[in-house]
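Below: target25.csv (CSV, C-alpha atoms)
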```csv
chain,number,residue,atom,x,y,z
W,835,MET,CA,127.7,24.3,-32.6
W,836,THR,CA,126.5,22.1,-29.7
W,837,SER,CA,129.6,22.0,-27.5
W,838,PRO,CA,128.7,22.6,-23.8
W,839,GLU,CA,129.3,25.9,-22.1
W,840,PRO,CA,132.0,26.4,-19.6
W,841,PRO,CA,131.1,25.1,-16.1
W,842,GLY,CA,128.6,27.3,-14.3
W,843,SER,CA,128.4,29.8,-17.1
W,844,GLY,CA,124.9,29.3,-18.4
W,845,PRO,CA,123.7,31.0,-21.6
W,846,PRO,CA,125.1,34.4,-22.3
W,847,ALA,CA,122.9,37.4,-22.5
W,848,ARG,CA,123.7,38.0,-26.1
W,849,ARG,CA,125.9,35.5,-27.9
W,850,ARG,CA,126.4,37.6,-31.0
W,851,GLY,CA,127.6,34.6,-33.0
W,852,PHE,CA,130.4,33.4,-30.6
W,853,GLU,CA,131.4,29.7,-30.9
W,854,PRO,CA,131.0,28.0,-27.5
W,855,LEU,CA,134.1,26.0,-26.4
W,856,PRO,CA,134.1,22.6,-24.7
W,857,GLU,CA,134.0,22.7,-20.9
W,858,TRP,CA,137.4,21.1,-20.6
W,859,VAL,CA,139.2,24.0,-22.3
W,860,GLY,CA,141.7,25.7,-20.0
W,861,PRO,CA,141.9,29.4,-19.3
W,862,THR,CA,144.8,30.3,-21.6
W,863,THR,CA,143.2,28.4,-24.5
W,864,ARG,CA,139.8,30.0,-23.7
W,865,LEU,CA,141.4,33.5,-23.7
W,866,VAL,CA,142.8,33.0,-27.1
W,867,HIS,CA,139.9,31.2,-28.8
W,868,GLY,CA,136.9,31.9,-26.6
W,869,ALA,CA,135.5,34.8,-28.6
W,870,ARG,CA,135.8,33.6,-32.2
W,871,ARG,CA,133.1,34.5,-34.6
W,872,PRO,CA,133.9,32.9,-37.9
W,873,ASP,CA,131.0,34.5,-39.7
W,874,TRP,CA,132.1,38.0,-38.7
W,875,ASN,CA,135.0,40.4,-39.5
W,876,ALA,CA,135.7,39.2,-43.0
W,877,GLY,CA,137.5,36.2,-41.6
W,878,ALA,CA,140.1,38.4,-39.8
W,879,VAL,CA,142.0,36.5,-37.0
W,880,THR,CA,142.2,39.7,-35.0
W,881,PRO,CA,138.8,41.4,-34.7
W,882,PRO,CA,138.8,44.9,-36.1
W,883,ILE,CA,137.9,48.1,-34.3
W,884,TYR,CA,134.4,49.2,-35.0
W,885,GLN,CA,135.1,53.0,-34.7
W,886,THR,CA,131.5,54.1,-35.1
W,887,SER,CA,129.0,56.0,-33.0
W,888,THR,CA,125.9,54.7,-34.7
W,889,TYR,CA,124.7,51.9,-37.0
W,890,HIS,CA,122.3,51.3,-39.9
W,891,TRP,CA,119.0,50.2,-38.4
W,892,PRO,CA,117.6,47.0,-39.9
W,893,ALA,CA,114.0,48.0,-40.2
W,894,GLU,CA,112.9,44.5,-41.3
W,895,HIS,CA,113.9,43.2,-37.9
W,896,SER,CA,112.2,45.8,-35.8
W,897,GLU,CA,109.1,43.7,-35.1
W,898,SER,CA,110.8,40.3,-35.0
W,899,THR,CA,112.8,38.2,-32.5
W,900,GLU,CA,115.9,39.5,-34.2
W,901,PHE,CA,115.3,43.0,-32.8
W,902,ASN,CA,117.8,42.4,-30.0
W,903,ARG,CA,120.6,41.5,-32.4
W,904,ALA,CA,120.7,45.0,-33.9
W,905,TYR,CA,123.2,47.5,-32.7
W,906,LEU,CA,121.8,51.0,-32.1
W,907,TYR,CA,124.4,53.3,-30.6
W,908,THR,CA,127.9,52.8,-29.2
W,909,ARG,CA,127.0,54.3,-25.8
W,910,PHE,CA,124.8,51.2,-25.5
W,911,GLU,CA,127.1,48.6,-27.1
W,912,ASN,CA,129.7,48.1,-29.8
W,913,PRO,CA,130.9,44.9,-31.7
W,914,THR,CA,134.5,45.6,-30.6
W,915,ALA,CA,133.4,45.5,-26.9
W,916,ASP,CA,131.5,42.3,-27.4
W,917,VAL,CA,134.8,40.3,-27.6
W,918,PRO,CA,136.4,41.2,-24.3
W,919,ALA,CA,133.0,41.1,-22.6
W,920,GLU,CA,132.5,37.5,-23.8
W,921,LEU,CA,136.0,36.5,-22.6
W,922,ILE,CA,135.5,38.0,-19.2
W,923,ARG,CA,132.1,36.4,-18.9
W,924,GLN,CA,133.5,33.0,-19.6
W,925,LEU,CA,136.4,33.4,-17.2
W,926,GLU,CA,134.1,34.5,-14.3
W,927,GLY,CA,131.5,31.9,-15.2
W,928,GLY,CA,128.6,34.3,-15.4
W,929,GLU,CA,125.6,34.5,-17.7
W,930,ALA,CA,126.3,38.0,-18.9
W,931,ALA,CA,129.0,40.7,-18.8
W,932,LYS,CA,129.0,44.4,-19.5
W,933,LEU,CA,131.9,46.7,-20.0
W,934,PHE,CA,132.3,50.3,-18.8
W,935,GLY,CA,134.6,53.2,-19.4
W,936,SER,CA,136.4,52.7,-16.0
W,937,GLY,CA,136.3,50.5,-13.0
W,938,MET,CA,134.5,53.2,-11.0
W,939,GLY,CA,132.0,53.5,-13.9
W,940,ALA,CA,131.2,49.8,-13.4
W,941,ILE,CA,131.0,50.1,-9.6
W,942,THR,CA,128.9,53.3,-9.6
W,943,SER,CA,126.5,52.0,-12.3
W,944,THR,CA,126.1,48.8,-10.4
W,945,VAL,CA,125.4,50.3,-7.0
W,946,LEU,CA,123.1,53.1,-8.2
W,947,SER,CA,121.2,50.6,-10.4
W,948,LEU,CA,120.4,48.2,-7.5
W,949,VAL,CA,119.6,50.4,-4.5
W,950,GLN,CA,117.1,53.2,-3.8
W,951,THR,CA,116.1,55.6,-1.0
W,952,GLY,CA,115.5,53.8,2.2
W,953,ASP,CA,117.7,50.8,1.4
W,954,LYS,CA,120.9,49.9,3.3
W,955,VAL,CA,124.3,49.1,1.9
W,956,VAL,CA,127.1,47.3,3.9
W,957,SER,CA,130.7,48.1,3.1
W,958,ALA,CA,132.3,44.8,4.2
W,959,GLY,CA,135.9,45.6,5.1
W,960,GLY,CA,138.6,47.5,3.2
W,961,LEU,CA,137.5,48.7,-0.2
W,962,TYR,CA,139.2,50.8,-2.9
W,963,GLY,CA,139.2,54.5,-1.8
W,964,GLY,CA,136.9,55.5,-4.7
W,965,THR,CA,134.4,52.9,-3.8
W,966,THR,CA,134.4,54.0,-0.2
W,967,ASP,CA,133.9,57.6,-1.2
W,968,LEU,CA,130.9,56.6,-3.3
W,969,LEU,CA,129.3,54.6,-0.5
W,970,THR,CA,130.0,57.1,2.3
W,971,ASP,CA,129.6,60.4,0.5
W,972,LEU,CA,127.1,60.0,-2.3
W,973,LEU,CA,124.7,57.3,-1.0
W,974,PRO,CA,123.8,59.0,2.3
W,975,ARG,CA,122.8,62.2,0.3
W,976,MET,CA,120.3,59.9,-1.6
W,977,GLY,CA,118.8,58.6,1.6
W,978,ILE,CA,120.5,55.3,1.5
W,979,GLY,CA,122.0,54.0,4.8
W,980,VAL,CA,125.6,52.7,4.8
W,981,ARG,CA,127.2,50.6,7.4
W,982,VAL,CA,131.0,50.5,7.2
W,983,LEU,CA,132.8,47.5,8.7
W,984,SER,CA,136.4,47.2,9.5
W,985,ASP,CA,138.4,44.2,8.1
W,986,ASP,CA,138.2,42.5,11.5
W,987,GLU,CA,134.5,43.0,11.7
W,988,ALA,CA,134.1,41.7,8.2
W,989,GLN,CA,135.6,38.4,9.2
W,990,THR,CA,132.3,37.5,10.9
W,991,PRO,CA,129.5,38.3,8.4
W,992,GLU,CA,126.7,36.9,10.6
W,993,GLY,CA,124.8,39.7,12.3
W,994,ARG,CA,126.4,42.4,10.2
W,995,VAL,CA,123.4,42.6,7.8
W,996,ASP,CA,119.7,43.0,8.5
W,997,PRO,CA,116.4,42.9,6.5
W,998,ARG,CA,116.9,46.5,5.3
W,999,THR,CA,120.3,45.5,3.7
W,1000,ARG,CA,119.9,45.4,-0.1
W,1001,LEU,CA,123.5,45.3,-1.1
W,1002,VAL,CA,126.9,44.2,0.3
W,1003,MET,CA,130.1,45.4,-1.3
W,1004,LEU,CA,133.1,43.2,-0.6
W,1005,GLU,CA,136.7,43.2,-1.9
W,1006,SER,CA,139.1,40.3,-1.3
W,1007,PRO,CA,142.0,40.6,-1.2
W,1008,THR,CA,141.5,44.1,0.1
W,1009,ASN,CA,143.2,47.3,-1.1
W,1010,PRO,CA,145.9,48.0,0.1
W,1011,THR,CA,146.4,45.7,3.1
W,1012,LEU,CA,145.6,42.4,1.3
W,1013,ARG,CA,143.2,41.1,3.9
W,1014,VAL,CA,141.2,38.0,2.8
W,1015,HIS,CA,137.5,37.6,3.4
W,1016,ASP,CA,135.4,34.5,3.2
W,1017,ILE,CA,133.2,35.1,0.1
W,1018,ALA,CA,131.1,32.0,0.5
W,1019,ARG,CA,130.3,32.9,4.1
W,1020,TRP,CA,129.4,36.4,3.1
W,1021,ALA,CA,127.2,35.0,0.3
W,1022,ARG,CA,125.3,32.9,2.8
W,1023,ALA,CA,124.8,35.9,5.2
W,1024,ALA,CA,123.6,38.1,2.3
W,1025,ASP,CA,121.2,35.4,1.1
W,1026,ALA,CA,119.7,35.0,4.6
W,1027,VAL,CA,118.4,38.6,4.4
W,1028,GLY,CA,117.7,38.8,0.7
W,1029,ALA,CA,120.6,41.1,0.0
W,1030,LEU,CA,122.9,41.0,-3.1
W,1031,LEU,CA,126.6,40.4,-2.7
W,1032,VAL,CA,128.9,42.3,-5.1
W,1033,VAL,CA,132.5,41.3,-5.0
W,1034,ASP,CA,135.3,43.5,-6.5
W,1035,ASN,CA,137.7,40.8,-7.9
W,1036,THR,CA,140.2,43.3,-9.3
W,1037,PHE,CA,143.1,42.3,-7.1
W,1038,ALA,CA,142.7,38.5,-7.6
W,1039,SER,CA,141.6,38.4,-11.2
W,1040,PRO,CA,139.4,35.5,-12.4
W,1041,ILE,CA,142.6,33.5,-12.9
W,1042,ASN,CA,143.1,33.3,-9.2
W,1043,GLN,CA,139.5,33.6,-7.9
W,1044,ARG,CA,135.9,33.1,-9.1
W,1045,PRO,CA,133.5,34.8,-6.7
W,1046,LEU,CA,130.4,33.7,-8.6
W,1047,ALA,CA,131.2,30.1,-8.0
W,1048,LEU,CA,131.5,30.9,-4.3
W,1049,GLY,CA,128.0,32.4,-4.2
W,1050,ALA,CA,128.5,36.1,-5.1
W,1051,ASP,CA,125.7,37.6,-7.2
W,1052,LEU,CA,127.8,40.0,-9.2
W,1053,VAL,CA,131.6,40.5,-9.8
W,1054,VAL,CA,133.1,43.9,-10.7
W,1055,HIS,CA,136.5,44.7,-12.1
W,1056,SER,CA,138.7,47.6,-12.8
W,1057,ALA,CA,139.7,46.1,-16.1
W,1058,THR,CA,142.5,48.7,-16.2
W,1059,LYS,CA,144.5,46.5,-13.9
W,1060,TYR,CA,145.2,42.8,-14.5
W,1061,LEU,CA,142.7,42.3,-17.3
W,1062,GLY,CA,144.2,45.2,-19.3
W,1063,GLY,CA,147.6,44.4,-18.0
W,1064,HIS,CA,149.7,47.0,-19.9
W,1065,SER,CA,149.0,50.3,-18.3
W,1066,ASP,CA,147.5,51.7,-21.5
W,1067,LEU,CA,143.8,51.6,-21.1
W,1068,ILE,CA,141.0,52.5,-18.7
W,1069,ALA,CA,138.0,50.1,-18.4
W,1070,GLY,CA,135.6,48.4,-16.0
W,1071,ALA,CA,133.4,45.3,-16.1
W,1072,VAL,CA,130.5,43.7,-14.3
W,1073,VAL,CA,129.6,40.0,-14.6
W,1074,GLY,CA,126.7,37.9,-13.2
W,1075,ALA,CA,123.2,36.6,-13.9
W,1076,LYS,CA,121.6,37.8,-17.0
W,1077,ALA,CA,118.7,39.4,-15.1
W,1078,LEU,CA,120.9,41.4,-12.7
W,1079,VAL,CA,123.3,42.6,-15.4
W,1080,GLY,CA,120.3,43.5,-17.5
W,1081,ARG,CA,119.1,45.8,-14.7
W,1082,ILE,CA,122.5,47.6,-14.8
W,1083,ASP,CA,122.4,47.4,-18.7
W,1084,GLN,CA,119.3,49.6,-18.7
W,1085,LYS,CA,121.0,52.3,-16.7
W,1086,THR,CA,122.8,53.7,-19.7
W,1087,TYR,CA,122.1,57.3,-18.6
W,1088,PHE,CA,125.3,57.1,-16.5
W,1089,GLY,CA,127.2,57.4,-19.8
W,1090,SER,CA,130.2,55.3,-18.8
W,1091,ALA,CA,130.6,53.6,-22.2
W,1092,LEU,CA,133.9,51.9,-23.2
W,1093,ASP,CA,135.6,53.4,-26.2
W,1094,PRO,CA,136.0,51.0,-29.1
W,1095,PHE,CA,139.8,51.4,-29.2
W,1096,ALA,CA,140.1,50.7,-25.5
W,1097,ALA,CA,137.9,47.6,-26.0
W,1098,PHE,CA,140.2,46.5,-28.8
W,1099,LEU,CA,143.2,46.9,-26.5
W,1100,LEU,CA,141.4,45.0,-23.7
W,1101,ALA,CA,140.6,42.1,-26.0
W,1102,ARG,CA,144.3,42.0,-27.2
W,1103,SER,CA,145.5,42.0,-23.6
W,1104,LEU,CA,143.2,39.3,-22.3
W,1105,LYS,CA,144.9,36.8,-24.6
W,1106,THR,CA,147.9,36.8,-22.3
W,1107,LEU,CA,146.1,37.2,-18.9
W,1108,ALA,CA,146.7,33.7,-17.6
W,1109,LEU,CA,150.4,33.8,-18.5
W,1110,ARG,CA,151.0,37.2,-17.0
W,1111,VAL,CA,149.1,36.4,-13.7
W,1112,GLU,CA,151.1,33.2,-13.3
W,1113,ARG,CA,154.4,35.2,-13.3
W,1114,GLN,CA,152.9,37.9,-11.1
W,1115,ASN,CA,151.8,35.3,-8.6
W,1116,GLU,CA,155.4,34.0,-8.5
W,1117,ASN,CA,156.9,37.5,-8.2
W,1118,GLY,CA,154.5,38.5,-5.3
W,1119,ALA,CA,155.2,35.2,-3.4
W,1120,ARG,CA,159.0,35.5,-3.9
W,1121,VAL,CA,159.3,39.0,-2.7
W,1122,ALA,CA,156.9,38.6,0.2
W,1123,SER,CA,159.0,35.6,1.4
W,1124,ALA,CA,162.4,37.4,0.8
W,1125,VAL,CA,161.6,40.5,2.8
W,1126,ALA,CA,159.9,38.8,5.7
W,1127,GLY,CA,162.1,39.5,8.7
W,1128,HIS,CA,164.0,42.4,7.1
W,1129,PRO,CA,164.9,44.9,9.9
W,1130,ALA,CA,163.5,47.8,7.9
W,1131,VAL,CA,160.1,46.1,7.6
W,1132,ALA,CA,157.6,46.1,10.5
W,1133,ARG,CA,155.0,44.0,8.7
W,1134,VAL,CA,154.5,42.2,5.3
W,1135,HIS,CA,151.0,42.4,4.0
W,1136,TYR,CA,150.1,39.6,1.6
W,1137,PRO,CA,147.0,37.5,1.1
W,1138,GLY,CA,146.7,34.9,4.0
W,1139,ARG,CA,149.5,36.4,6.1
W,1140,ALA,CA,147.2,38.3,8.5
W,1141,SER,CA,146.2,35.2,10.5
W,1142,PRO,CA,145.9,31.4,10.3
W,1143,ASP,CA,142.2,31.8,9.6
W,1144,GLU,CA,142.8,34.0,6.6
W,1145,GLU,CA,145.4,31.6,5.3
W,1146,ALA,CA,142.8,28.9,5.4
W,1147,ILE,CA,140.3,31.1,3.6
W,1148,ALA,CA,142.9,32.0,0.9
W,1149,THR,CA,143.9,28.4,0.4
W,1150,ARG,CA,140.2,27.4,0.0
W,1151,GLN,CA,139.0,30.2,-2.3
W,1152,MET,CA,142.1,31.3,-4.3
W,1153,ARG,CA,144.2,29.5,-6.9
W,1154,GLY,CA,147.0,32.1,-6.6
W,1155,ARG,CA,147.7,35.0,-4.3
W,1156,GLY,CA,148.3,37.8,-6.9
W,1157,GLY,CA,151.2,40.1,-7.5
W,1158,VAL,CA,150.6,42.7,-4.8
W,1159,VAL,CA,152.6,43.0,-1.6
W,1160,ALA,CA,152.4,45.9,0.9
W,1161,LEU,CA,155.2,46.7,3.3
W,1162,SER,CA,154.8,48.7,6.5
W,1163,LEU,CA,158.2,50.3,6.9
W,1164,ARG,CA,159.8,51.3,10.1
W,1165,GLY,CA,160.4,55.0,10.1
W,1166,GLY,CA,157.0,56.1,8.6
W,1167,VAL,CA,156.6,58.3,5.6
W,1168,SER,CA,160.2,59.3,5.5
W,1169,ALA,CA,161.3,55.7,5.2
W,1170,ALA,CA,158.7,55.1,2.6
W,1171,ASP,CA,159.8,58.0,0.5
W,1172,ARG,CA,163.5,57.0,0.7
W,1173,PHE,CA,162.6,53.4,-0.1
W,1174,LEU,CA,160.8,54.5,-3.3
W,1175,ARG,CA,163.8,56.5,-4.4
W,1176,HIS,CA,166.1,53.5,-4.2
W,1177,LEU,CA,164.0,51.3,-6.4
W,1178,ARG,CA,165.5,50.6,-9.9
W,1179,PHE,CA,163.0,48.4,-11.7
W,1180,VAL,CA,159.8,49.3,-9.9
W,1181,HIS,CA,158.2,52.5,-11.2
W,1182,VAL,CA,156.8,54.9,-8.6
W,1183,ALA,CA,153.2,55.2,-9.9
W,1184,ALA,CA,149.7,54.4,-8.9
W,1185,SER,CA,147.7,51.4,-10.3
W,1186,LEU,CA,148.6,47.7,-10.5
W,1187,GLY,CA,148.4,44.7,-12.7
W,1188,GLY,CA,150.6,45.8,-15.6
W,1189,VAL,CA,153.6,44.1,-17.1
W,1190,GLU,CA,155.8,46.6,-15.3
W,1191,SER,CA,156.2,46.7,-11.5
W,1192,LEU,CA,154.7,49.7,-9.7
W,1193,ALA,CA,155.0,51.1,-6.2
W,1194,SER,CA,152.9,53.7,-4.4
W,1195,ILE,CA,152.1,55.1,-1.0
W,1196,PRO,CA,148.3,54.5,-0.5
W,1197,ARG,CA,147.7,57.4,1.8
W,1198,LEU,CA,148.8,59.7,-1.1
W,1199,THR,CA,147.1,57.8,-3.9
W,1200,SER,CA,144.2,55.4,-3.6
W,1201,HIS,CA,143.2,56.6,-0.1
W,1202,ARG,CA,144.3,60.2,-0.4
W,1203,HIS,CA,140.8,61.5,0.6
W,1204,ALA,CA,140.6,59.4,3.7
W,1205,SER,CA,140.8,61.0,7.1
W,1206,GLU,CA,143.4,60.0,9.7
W,1207,ALA,CA,140.8,58.0,11.6
W,1208,GLU,CA,139.7,56.2,8.4
W,1209,LEU,CA,143.3,55.4,7.5
W,1210,ALA,CA,143.9,54.0,10.9
W,1211,ALA,CA,140.7,51.9,10.8
W,1212,ALA,CA,141.9,50.5,7.4
W,1213,GLY,CA,145.3,49.6,8.7
W,1214,ILE,CA,147.1,52.1,6.5
W,1215,ASP,CA,150.0,53.4,8.5
W,1216,ASP,CA,152.4,56.2,7.6
W,1217,GLY,CA,155.1,53.8,6.3
W,1218,LEU,CA,152.8,51.6,4.2
W,1219,VAL,CA,154.1,51.1,0.6
W,1220,ARG,CA,152.1,49.0,-1.9
W,1221,LEU,CA,154.2,47.1,-4.4
W,1222,ALA,CA,152.4,45.7,-7.5
W,1223,PHE,CA,154.7,43.4,-9.4
W,1224,GLY,CA,154.7,42.9,-13.1
W,1225,ILE,CA,156.3,40.1,-15.2
W,1226,GLU,CA,160.0,40.9,-14.7
W,1227,ASP,CA,162.4,38.1,-13.7
W,1228,PRO,CA,161.7,37.2,-10.0
W,1229,ALA,CA,165.4,37.4,-9.0
W,1230,ASP,CA,165.7,40.9,-10.3
W,1231,LEU,CA,162.7,42.1,-8.3
W,1232,VAL,CA,163.8,40.4,-5.1
W,1233,ARG,CA,167.2,42.0,-5.5
W,1234,ASP,CA,165.8,45.5,-6.3
W,1235,VAL,CA,163.4,45.5,-3.3
W,1236,THR,CA,165.9,44.0,-0.9
W,1237,GLU,CA,168.7,46.5,-1.9
W,1238,ALA,CA,166.2,49.4,-1.5
W,1239,LEU,CA,165.4,48.1,2.0
W,1240,ASP,CA,169.0,47.7,2.8
W,1241,ALA,CA,169.7,51.3,1.9
W,1242,LEU,CA,167.3,52.5,4.5
W,1243,GLY,CA,169.7,51.4,7.2
W,1244,GLU,CA,172.8,52.6,5.6
W,1245,GLY,CA,172.1,56.3,5.6
W,1246,THR,CA,173.1,56.5,1.9
W,1247,LYS,CA,172.2,59.4,-0.2
W,1248,ALA,CA,168.8,58.9,-2.0
W,1249,ALA,CA,169.1,58.0,-5.6
W,1250,PRO,CA,167.0,60.1,-8.0
W,1251,LEU,CA,163.6,58.9,-9.1
```
Take the structure I supplied and represent it as structure tokens, if you would.
Amino acid sequence: MTSPEPPGSGPPARRRGFEPLPEWVGPTTRLVHGARRPDWNAGAVTPPIYQTSTYHWPAEHSESTEFNRAYLYTRFENPTADVPAELIRQLEGGEAAKLFGSGMGAITSTVLSLVQTGDKVVSAGGLYGGTTDLLTDLLPRMGIGVRVLSDDEAQTPEGRVDPRTRLVMLESPTNPTLRVHDIARWARAADAVGALLVVDNTFASPINQRPLALGADLVVHSATKYLGGHSDLIAGAVVGAKALVGRIDQKTYFGSALDPFAAFLLARSLKTLALRVERQNENGARVASAVAGHPAVARVHYPGRASPDEEAIATRQMRGRGGVVALSLRGGVSAADRFLRHLRFVHVAASLGGVESLASIPRLTSHRHASEAELAAAGIDDGLVRLAFGIEDPADLVRDVTEALDALGEGTKAAPL
């Protein structure tokens, strides 16, 4: 096949027989057809699960250029995992992609592979609680300096990095207050001092945002969320230049391999990613608009709403705003608890990105280890509730959330969870 690669993708690290698609192919078509290998899998339309820990070693290839085509051990790679890795690579426009057993597996492996004692890491604005714990707890014990920036500070990257900075960790939109940061501006600032920019693209998904095209060096995902999309798997991914992903690829002693069955589920789920995200974008926008001005809501957190500057950034770098909305409720934790108890179609559970809508209190879930000072700095107030919308009918979700908010002012008895 001689069809061109997707725009900006470059050659993959290991093609493994995948047929390249023309550059004009859209994301939904790409997700369905982008990892076809007609000479593999006995012609099966749905690739099978290679449930094996090890492989027959082709000795005749050991001294040839075919050496790198041989599978050795599933902790390193597995044919089942090749399929979702290839799809995610194409969506993000990277040269290579690697999958891990969890999002934190991807983040931890990436960070520890790229920094060493004496280096400095910048935490640029609000990050997932687990990422913050890694940076602020583990790295200093290894002699790695960490500078933590607030979301307001992260709006101006210039001067926030110095020649000792080797890595910048950025998440946009942020978790859980949905602040938007200028990825291209951060890329320029990192490049100026020779640092690498790693962007967590979990909340946006590659359907809404492509950080590599904006100048980021690597993209990480908790593939558990939008990429998996059905709340039935745990996985992580990293995408970027072949040389950089190769450095992470060699750090297999972290042991965060993706199980073949989870890889099979991820490949299945990716086929509907664009369709799911389209509805989730609509649901997030509809609810954010509907509850703005509700007397029970002190503030609506949604990508671009924090300021005109952030709205301009979101318009420039995002194709959709995602399905997550956070509400700061008047009345603090008591109001948040009563609100959750009145929801009918929104499950009270951690995580996001699934076909079902979920709601959680960040200070009790994603940021449960944060101190009061850290919560305040991250803008996480006592009444903050994070709503992650699924693919239900928009009118049903608007009604569910609005009625739960209305109940806060009525003094009604809380409905059971």
Exercise for review: Can you pull out every residue within 12 Å of Asp1230 of chain W, counting all atoms listed in the file, but drop anything in the same chain fewer than 5 positions away, and send it as an MDAnalysis selection string?
Suggested key: chainID W and resid 1117 1120:1121 1177:1180 1191 1223:1225 1235:1237
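Within 10 Å of the point (146.2, 39.1, 5.9) in file coordinates, and counting all atoms listed in the file, lie the residues Asp985, Pro1007, Thr1008, Thr1011, Leu1012, Arg1013, Val1014, His1015, Val1134, His1135, Tyr1136, Pro1137, Gly1138, Arg1139, Ala1140, Ser1141, Pro1142, Asp1143, Glu1144, Glu1145 and Ala1148 of chain W.
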Practice item. Find, counting all atoms listed in the file, the residue in W:Ala1183, W:Val956, W:Ile1082, W:Val1032 that gets nearest to Thr944 of chain W. Key: W:Ile1082
**Study point:** Spatial sel., origin (127.6, 35.0, -13.0), limit 7 Å, only C-alpha atoms, listed as a PyMOL selection string
**Key:** chain W and resi 843+926-930+1046+1051-1052+1073-1075
Study note, to complete from the structure: Judged by only C-alpha atoms, the minimum distance to Ile922 of chain W among W:Ile1041, W:Leu1209, W:Val1182, W:Ile1195 is found for W:Ile1041
Excluding Thr999 of chain W and any residue of its chain fewer than 6 positions from it, enumerate the residues within 6 Å of it, using all atoms listed in the file, and give them as a PDB file with C-alpha atoms, keeping the file's coordinate frame.
```pdb
ATOM      1  CA  LYS W 954     120.900  49.900   3.300  1.00  0.00           C
ATOM      2  CA  VAL W 955     124.300  49.100   1.900  1.00  0.00           C
ATOM      3  CA  ALA W1029     120.600  41.100   0.000  1.00  0.00           C
TER       4      ALA W1029
END
```
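Comparing W:Val1167, W:Val1072, W:Ala919, W:Val1002 by their smallest distance to Gly979 of chain W, the closest is W:Val1002 (using all atoms listed in the file).
Atom CA of Gly935 of chain W is positioned 13.2 Å from atom CA of Tyr1087 of chain W.
Comparing W:Asn875, W:Ser957, W:Gln1114, W:Thr942 by their smallest distance to Gly1070 of chain W, the closest is W:Thr942 (using all atoms listed in the file).
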Practice item. Mind giving me the straight-line distance from atom CA of Leu1067 of chain W to atom CA of Pro918 of chain W in Å, one decimal? Key: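 Between atom CA of Leu1067 of chain W and atom CA of Pro918 of chain W the gap works out to 13.2 Å.
If you look at atom CA of Leu1218 of chain W and atom CA of Asp1240 of chain W, they are 16.7 Å away from each other.
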Exercise for review: Could you give me, as an MDAnalysis selection string, the residues within 6 Å of segment 960-970 of chain W, counting only C-alpha atoms and dropping anything in the same chain fewer than 2 positions from it?
Suggested key: chainID W and resid 972:973 985 1005 1008:1009 1200:1201
Review point. Which residue gives the smallest distance to Lys1076 of chain W among W:Ala931, W:Pro1129, W:Glu1112, W:Ala1122, with all atoms listed in the file counted?
Key: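 When distances to Lys1076 of chain W are compared using all atoms listed in the file, the smallest one comes from W:Ala931.
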Review point. Of the candidates W:Gly1062, W:Pro1010, W:Ala1050, W:Val1232, which shows the shortest atom-to-atom distance to Ala1184 of chain W, using all atoms listed in the file?
Key: W:Pro1010
Go through segment 984-1072 of chain W residue by residue and, counting all atoms listed in the file, keep those with an atom at most 12 Å from segment 849-867 of chain W; for each kept residue give the shortest atom pair and its distance in Å to one decimal, ordered by chain and increasing number, as JSON lines.
```
{"residue": "W:Pro1040", "atom": "CA", "partner": "W:Pro861", "partner_atom": "CA", "distance": 9.5}
{"residue": "W:Ile1041", "atom": "CA", "partner": "W:Pro861", "partner_atom": "CA", "distance": 7.6}
{"residue": "W:Asn1042", "atom": "CA", "partner": "W:Pro861", "partner_atom": "CA", "distance": 10.9}
{"residue": "W:Leu1061", "atom": "CA", "partner": "W:Leu865", "partner_atom": "CA", "distance": 11.0}
```
For the interface of segment 1006-1123 of chain W with segment 881-884 of chain W (cut-off 9 Å, counting only C-alpha atoms), please tabulate each contacting residue of segment 1006-1123 of chain W alongside its nearest pair of atoms and their separation in Å to one decimal, rows sorted by chain and increasing number, as a Markdown table.
```
| residue | atom | partner | partner_atom | distance |
| --- | --- | --- | --- | --- |
| W:Pro1094 | CA | W:Ile883 | CA | 6.2 |
| W:Phe1095 | CA | W:Ile883 | CA | 6.4 |
| W:Ala1097 | CA | W:Ile883 | CA | 8.3 |
| W:Phe1098 | CA | W:Ile883 | CA | 6.2 |
| W:Ala1101 | CA | W:Pro881 | CA | 8.9 |
```
